Amino acid sequence: MPQDPTMERLLTFLQRSPTPWHATANMARRLERAGYRRLDETQAWTLSPGDRVYVTRNDSSLIALQLPAGKLEALRMIGAHTDSPGLRLKPNAAQSSRDWLQLGVEVYGGALLAPWFDRDLGLAGRVHVRRADGRTQGVLINIDRAIATIPNLAIHLDREANNGRALNAQTQMAPVLWQGGTETGFESLLNRWLYEQHDLEDVEVLAFELCLYDMQGASCVGINGELIASARLDNLLSCFCGVEALINADGSQGALLVANDHEEVGSASASGAQGPFLGDVLRRVNAHCGEAGEEGFARLIQASRLISCDNAHALHPNFPDKHDAGHGPRINGGPVIKVNANQRYATTSETAALFRELCREAGVPVQTFVSRADMACGSTIGPLTATELGVPTLDVGVSQWAMHSIRETAGSHDIDYLIRALTTFVDRRVLT
Ligand SMILES: [Zn+2]
């Protein structure tokens with residue numbers, strides 16, 4: 001089925017971003033092609049009105065900024081996260097059992113474990129090496145072929161398997177990689193991959209952060225292609241829509257995209273939403289382009305708005321009782337405003353009203369989600385950023401099924417809806 005260019009770009013972005021580092025590098029590349037200039041946190045910054053710049057931290061979080069032509073008085077901020085739950089290699093990953101070289105894994109975030117079995121798995125992430133000339137260097141690698149699998153146990157060997165089998169991530173989830181391979185075999189594999197992908201020879205691997213991922217690519221599903229299925233829709237979908245909105249915008253207003261790492265593990269890190277990354281960048285930018293001093297900074301924050309984008313749970317036709325009867329978001333029913341009286345979501349009636357107005361102006365349908373009162377509610381970077389910075393915030397997101405599975409499903413029309421609502425936000429002159 002022929003696809004529109006936005007959908008093509010999204011599918012490619014999902015496919016080429018198996019880790020937060022790859023997602024960040026791909027967003028950076030797209031921003032640069034649109035005229036954004038890279039800033040380095042360790043250097044002095046020169047900023048002028050109208051500049052479009054971006055900065056990364058840990059190579060896994062990114063902030064992109066569009067400065068207004070005049071004085072910086074308010075920012076239209078969009079938030080998202082770059083990380084997704086999954087399996088990551090332990091530092092001494094190689095282990096052998098019987099005839100097999102396997103990889104020891106840690107579970108990152110709240111992954112649904114059962115869908116990881118019987119998949120063709122690739123491996124990607126960041127490796128730090130010492131080169132032959134003594135310098136250390138970090139590189140991204142992506143082994144995008146099926147090099148491993150986690151085989152299921154046959155039902156004949158566990159007749160209770162369909163009645164809910166508890167999974168032990170330590171003993172039952174080590175992928176098999178190589179028949180007859182030895183523990184030193186994994187080191188030689190890593191070295192071979194570094195040579196293949198970066199021409200790096202005679203290097204010593206000092207440390208790595210490597211993630212397993214499903215080789216099955218992102219695709220459109222359904223008789224009319226009304227669904228999109230992929231790994232990491234939570235939350236690369238929001239990262240993608242945020243970048244699209246910035247690039248589509250007319251450039252007249254102050255705007256910002258922040259995509260943080262580590263949301264799935266609580267956001268408490270130097271590059272996470274509970275850390276100082278956004279505040280650090282905003283203070284520096286305000287010193288250059290805004291009203292100087294603490295008072296000027298406080299005024300900038302209070303005049304700004306943050307739309308924190310993270311996917312919502314769509315009403316599931318097989319499990320309709322998991323939603324409150326009046327708040328079951330429909331796939332392809334438009335972005336979902338997420339509300340929680342206990343502030344697990346940062347939405348207030350004021351910020352929700354702004355978003356409803358944006359959707360009305362963009363001609364986009366909008367929905368609301370609140371958890372059943374007898375179920376716990378998830379959370380996201382919205383409340384954390386609001387708490388750190390004090391910026392009026394709301395939580396929204398595209399609705400999806402199977403959140404945190406190795407393959408998630410969302411609505412293909414919802415992507416266009418969210419991009420249009422966010423673009424309207426970035427271009428809006430008045431925020432209050
Ligand atoms: Zn998320």
# chains A, B, ... in the order shown; residues from 1 in each chain; ligands from 1
$ residues_near_ligand --ligand "ligand 1" --cutoff "12 Å" --atoms "only C-alpha atoms and all ligand atoms" --output "PyMOL selection string"
chain A and resi 79-85+109-111+232-239+259-267+308-313+378-382+395-400+402-405+408
$ select_by_dssp --residues "region 366-431 of chain A" --states "strand (DSSP E or B)" --output "list in words"
Gln367, Thr368, Phe369, Thr393, Leu394, Asp395, Val396, Gly397, Ser399, Gln400, Trp401, Glu408, Thr409, Ala410 and Gly411 of chain A
$ write_last_selection --atoms "C-alpha atoms" --output "PDB file, in the first residue's frame"
ATOM      1  CA  GLN A 367     -10.545  12.536  23.889  1.00  0.00           C
ATOM      2  CA  THR A 368     -10.065  12.248  27.649  1.00  0.00           C
ATOM      3  CA  PHE A 369      -8.667   9.435  29.771  1.00  0.00           C
ATOM      4  CA  THR A 393       1.738  21.432  32.008  1.00  0.00           C
ATOM      5  CA  LEU A 394      -0.677  18.929  30.571  1.00  0.00           C
ATOM      6  CA  ASP A 395      -0.333  15.267  29.685  1.00  0.00           C
ATOM      7  CA  VAL A 396      -1.637  14.050  26.348  1.00  0.00           C
ATOM      8  CA  GLY A 397      -0.865  11.133  24.056  1.00  0.00           C
ATOM      9  CA  SER A 399      -3.905   5.925  22.377  1.00  0.00           C
ATOM     10  CA  GLN A 400      -2.414   2.477  21.883  1.00  0.00           C
ATOM     11  CA  TRP A 401      -2.799  -1.191  22.752  1.00  0.00           C
ATOM     12  CA  GLU A 408       2.659  -2.303  20.254  1.00  0.00           C
ATOM     13  CA  THR A 409      -0.304  -1.089  18.204  1.00  0.00           C
ATOM     14  CA  ALA A 410      -1.647   2.435  17.641  1.00  0.00           C
ATOM     15  CA  GLY A 411      -3.909   4.176  15.098  1.00  0.00           C
TER      16      GLY A 411
END
$ residues_around --residues "Glu209 (chain A)" --least-positions-apart "4" --cutoff "8 Å" --atoms "only C-alpha atoms" --output "list in words"
Arg88, Leu89, Gly125, Arg126 and Val127 of chain A
$ residues_around --residues "Thr351 (chain A)" --least-positions-apart "2" --cutoff "8 Å" --atoms "only C-alpha atoms" --output "MDAnalysis selection string"
chainID A and resid 305 347:349 353:355 392:394
$ residues_around --residues "Arg52 (chain A)" --least-positions-apart "5" --cutoff "12 Å" --atoms "only C-alpha atoms" --output "list in words"
Leu31, Glu32, Arg33, Ala34, Gly35, Tyr36, Arg37, Arg38, Leu39, Thr46, Leu47, Ile63, Ala64, Leu65, Gln66, Leu67, Pro68, Ala69, Leu246, Ile247, Ala249, Gly251, Ser252, Gln253, Gly254, Ala255, Leu256, Leu257 and Val285 of chain A
$ closest_residue --among "A:Ser230, A:Asn152, A:Ser48, A:Ser17" --to "Ala124 (chain A)" --atoms "only C-alpha atoms"
A:Ser17
$ select_by_dssp --residues "region 382-423 of chain A" --states "helix (DSSP H, G or I)" --output "count of residues only"
20
$ residues_around --residues "Thr184 (chain A)" --least-positions-apart "3" --cutoff "10 Å" --atoms "only C-alpha atoms" --output "ChimeraX atom specification"
/A:94-95,101,181,187-189
$ write_last_selection --atoms "C-alpha atoms" --output "JSON list (two decimals), in the first residue's frame"
[["chain", "number", "residue", "atom", "x", "y", "z"],
["A", 94, "ALA", "CA", 28.53, -14.05, 27.93],
["A", 95, "GLN", "CA", 27.39, -17.21, 29.68],
["A", 101, "LEU", "CA", 26.67, -19.39, 24.25],
["A", 181, "GLY", "CA", 30.49, -20.62, 21.09],
["A", 187, "GLU", "CA", 34.29, -10.56, 22.79],
["A", 188, "SER", "CA", 35.47, -11.56, 19.34],
["A", 189, "LEU", "CA", 31.95, -10.96, 17.98]]
$ closest_residue --among "A:Asn162, A:Gln216, A:Thr432, A:Thr19" --to "Tyr108 (chain A)" --atoms "only C-alpha atoms"
A:Thr19
$ residues_around --residues "Gly334 (chain A)" --least-positions-apart "2" --cutoff "6 Å" --atoms "only C-alpha atoms" --output "MDAnalysis selection string"
chainID A and resid 332 365:366 414 417
$ decode --residues "region 3-30 of chain A" --atoms "N, CA, C and O atoms" --output "PDB file, in the first residue's frame"
ATOM      1  N   GLN A   3       2.293   4.797   0.889  1.00  0.00           N
ATOM      2  CA  GLN A   3       2.110   5.523   2.128  1.00  0.00           C
ATOM      3  C   GLN A   3       2.448   6.981   1.951  1.00  0.00           C
ATOM      4  O   GLN A   3       3.232   7.334   1.085  1.00  0.00           O
ATOM      5  N   ASP A   4       1.843   7.802   2.811  1.00  0.00           N
ATOM      6  CA  ASP A   4       2.195   9.209   2.710  1.00  0.00           C
ATOM      7  C   ASP A   4       3.586   9.409   3.312  1.00  0.00           C
ATOM      8  O   ASP A   4       4.078   8.574   4.066  1.00  0.00           O
ATOM      9  N   PRO A   5       4.232  10.509   2.927  1.00  0.00           N
ATOM     10  CA  PRO A   5       5.632  10.705   3.335  1.00  0.00           C
ATOM     11  C   PRO A   5       5.818  10.740   4.846  1.00  0.00           C
ATOM     12  O   PRO A   5       6.838  10.283   5.362  1.00  0.00           O
ATOM     13  N   THR A   6       4.827  11.268   5.576  1.00  0.00           N
ATOM     14  CA  THR A   6       4.966  11.323   7.033  1.00  0.00           C
ATOM     15  C   THR A   6       4.992   9.912   7.609  1.00  0.00           C
ATOM     16  O   THR A   6       5.823   9.588   8.472  1.00  0.00           O
ATOM     17  N   MET A   7       4.089   9.051   7.120  1.00  0.00           N
ATOM     18  CA  MET A   7       4.052   7.676   7.617  1.00  0.00           C
ATOM     19  C   MET A   7       5.341   6.945   7.262  1.00  0.00           C
ATOM     20  O   MET A   7       5.896   6.222   8.085  1.00  0.00           O
ATOM     21  N   GLU A   8       5.830   7.171   6.055  1.00  0.00           N
ATOM     22  CA  GLU A   8       7.121   6.576   5.649  1.00  0.00           C
ATOM     23  C   GLU A   8       8.225   6.980   6.609  1.00  0.00           C
ATOM     24  O   GLU A   8       9.021   6.164   7.048  1.00  0.00           O
ATOM     25  N   ARG A   9       8.249   8.290   6.922  1.00  0.00           N
ATOM     26  CA  ARG A   9       9.301   8.800   7.825  1.00  0.00           C
ATOM     27  C   ARG A   9       9.174   8.169   9.201  1.00  0.00           C
ATOM     28  O   ARG A   9      10.158   7.804   9.827  1.00  0.00           O
ATOM     29  N   LEU A  10       7.926   8.038   9.677  1.00  0.00           N
ATOM     30  CA  LEU A  10       7.705   7.450  11.004  1.00  0.00           C
ATOM     31  C   LEU A  10       8.178   5.995  11.027  1.00  0.00           C
ATOM     32  O   LEU A  10       8.885   5.578  11.956  1.00  0.00           O
ATOM     33  N   LEU A  11       7.797   5.212  10.021  1.00  0.00           N
ATOM     34  CA  LEU A  11       8.179   3.796  10.002  1.00  0.00           C
ATOM     35  C   LEU A  11       9.697   3.662   9.969  1.00  0.00           C
ATOM     36  O   LEU A  11      10.282   2.831  10.666  1.00  0.00           O
ATOM     37  N   THR A  12      10.350   4.514   9.177  1.00  0.00           N
ATOM     38  CA  THR A  12      11.819   4.470   9.102  1.00  0.00           C
ATOM     39  C   THR A  12      12.445   4.860  10.439  1.00  0.00           C
ATOM     40  O   THR A  12      13.387   4.217  10.920  1.00  0.00           O
ATOM     41  N   PHE A  13      11.894   5.906  11.052  1.00  0.00           N
ATOM     42  CA  PHE A  13      12.428   6.364  12.349  1.00  0.00           C
ATOM     43  C   PHE A  13      12.305   5.252  13.399  1.00  0.00           C
ATOM     44  O   PHE A  13      13.253   4.974  14.151  1.00  0.00           O
ATOM     45  N   LEU A  14      11.147   4.597  13.449  1.00  0.00           N
ATOM     46  CA  LEU A  14      10.936   3.517  14.424  1.00  0.00           C
ATOM     47  C   LEU A  14      11.941   2.385  14.191  1.00  0.00           C
ATOM     48  O   LEU A  14      12.531   1.844  15.122  1.00  0.00           O
ATOM     49  N   GLN A  15      12.103   2.046  12.928  1.00  0.00           N
ATOM     50  CA  GLN A  15      12.975   0.937  12.574  1.00  0.00           C
ATOM     51  C   GLN A  15      14.438   1.219  12.880  1.00  0.00           C
ATOM     52  O   GLN A  15      15.169   0.347  13.326  1.00  0.00           O
ATOM     53  N   ARG A  16      14.846   2.462  12.644  1.00  0.00           N
ATOM     54  CA  ARG A  16      16.271   2.797  12.802  1.00  0.00           C
ATOM     55  C   ARG A  16      16.604   3.287  14.208  1.00  0.00           C
ATOM     56  O   ARG A  16      17.714   3.761  14.441  1.00  0.00           O
ATOM     57  N   SER A  17      15.635   3.237  15.109  1.00  0.00           N
ATOM     58  CA  SER A  17      15.870   3.745  16.462  1.00  0.00           C
ATOM     59  C   SER A  17      15.623   2.657  17.504  1.00  0.00           C
ATOM     60  O   SER A  17      14.720   2.766  18.326  1.00  0.00           O
ATOM     61  N   PRO A  18      16.444   1.605  17.497  1.00  0.00           N
ATOM     62  CA  PRO A  18      16.216   0.518  18.451  1.00  0.00           C
ATOM     63  C   PRO A  18      16.625   0.875  19.884  1.00  0.00           C
ATOM     64  O   PRO A  18      16.286   0.128  20.806  1.00  0.00           O
ATOM     65  N   THR A  19      17.353   1.976  20.082  1.00  0.00           N
ATOM     66  CA  THR A  19      17.779   2.355  21.436  1.00  0.00           C
ATOM     67  C   THR A  19      17.613   3.873  21.597  1.00  0.00           C
ATOM     68  O   THR A  19      17.513   4.596  20.598  1.00  0.00           O
ATOM     69  N   PRO A  20      17.622   4.382  22.841  1.00  0.00           N
ATOM     70  CA  PRO A  20      17.518   5.838  23.048  1.00  0.00           C
ATOM     71  C   PRO A  20      18.640   6.601  22.349  1.00  0.00           C
ATOM     72  O   PRO A  20      18.443   7.738  21.902  1.00  0.00           O
ATOM     73  N   TRP A  21      19.836   5.973  22.238  1.00  0.00           N
ATOM     74  CA  TRP A  21      20.967   6.660  21.588  1.00  0.00           C
ATOM     75  C   TRP A  21      20.711   6.789  20.090  1.00  0.00           C
ATOM     76  O   TRP A  21      21.000   7.834  19.498  1.00  0.00           O
ATOM     77  N   HIS A  22      20.168   5.740  19.506  1.00  0.00           N
ATOM     78  CA  HIS A  22      19.847   5.819  18.073  1.00  0.00           C
ATOM     79  C   HIS A  22      18.706   6.807  17.828  1.00  0.00           C
ATOM     80  O   HIS A  22      18.734   7.568  16.862  1.00  0.00           O
ATOM     81  N   ALA A  23      17.704   6.788  18.701  1.00  0.00           N
ATOM     82  CA  ALA A  23      16.575   7.725  18.541  1.00  0.00           C
ATOM     83  C   ALA A  23      17.088   9.165  18.591  1.00  0.00           C
ATOM     84  O   ALA A  23      16.706  10.015  17.773  1.00  0.00           O
ATOM     85  N   THR A  24      17.975   9.442  19.546  1.00  0.00           N
ATOM     86  CA  THR A  24      18.520  10.796  19.698  1.00  0.00           C
ATOM     87  C   THR A  24      19.335  11.188  18.465  1.00  0.00           C
ATOM     88  O   THR A  24      19.190  12.301  17.934  1.00  0.00           O
ATOM     89  N   ALA A  25      20.180  10.267  17.988  1.00  0.00           N
ATOM     90  CA  ALA A  25      20.999  10.556  16.803  1.00  0.00           C
ATOM     91  C   ALA A  25      20.105  10.807  15.583  1.00  0.00           C
ATOM     92  O   ALA A  25      20.374  11.704  14.772  1.00  0.00           O
ATOM     93  N   ASN A  26      19.031  10.036  15.459  1.00  0.00           N
ATOM     94  CA  ASN A  26      18.146  10.205  14.295  1.00  0.00           C
ATOM     95  C   ASN A  26      17.349  11.509  14.375  1.00  0.00           C
ATOM     96  O   ASN A  26      17.132  12.173  13.360  1.00  0.00           O
ATOM     97  N   MET A  27      16.918  11.879  15.586  1.00  0.00           N
ATOM     98  CA  MET A  27      16.227  13.176  15.730  1.00  0.00           C
ATOM     99  C   MET A  27      17.193  14.310  15.406  1.00  0.00           C
ATOM    100  O   MET A  27      16.833  15.287  14.737  1.00  0.00           O
ATOM    101  N   ALA A  28      18.432  14.190  15.895  1.00  0.00           N
ATOM    102  CA  ALA A  28      19.437  15.232  15.655  1.00  0.00           C
ATOM    103  C   ALA A  28      19.683  15.394  14.158  1.00  0.00           C
ATOM    104  O   ALA A  28      19.745  16.513  13.641  1.00  0.00           O
ATOM    105  N   ARG A  29      19.787  14.266  13.462  1.00  0.00           N
ATOM    106  CA  ARG A  29      20.047  14.311  12.018  1.00  0.00           C
ATOM    107  C   ARG A  29      18.903  15.028  11.293  1.00  0.00           C
ATOM    108  O   ARG A  29      19.127  15.865  10.433  1.00  0.00           O
ATOM    109  N   ARG A  30      17.675  14.687  11.688  1.00  0.00           N
ATOM    110  CA  ARG A  30      16.514  15.298  11.021  1.00  0.00           C
ATOM    111  C   ARG A  30      16.454  16.796  11.311  1.00  0.00           C
ATOM    112  O   ARG A  30      16.161  17.602  10.436  1.00  0.00           O
TER     113      ARG A  30
END
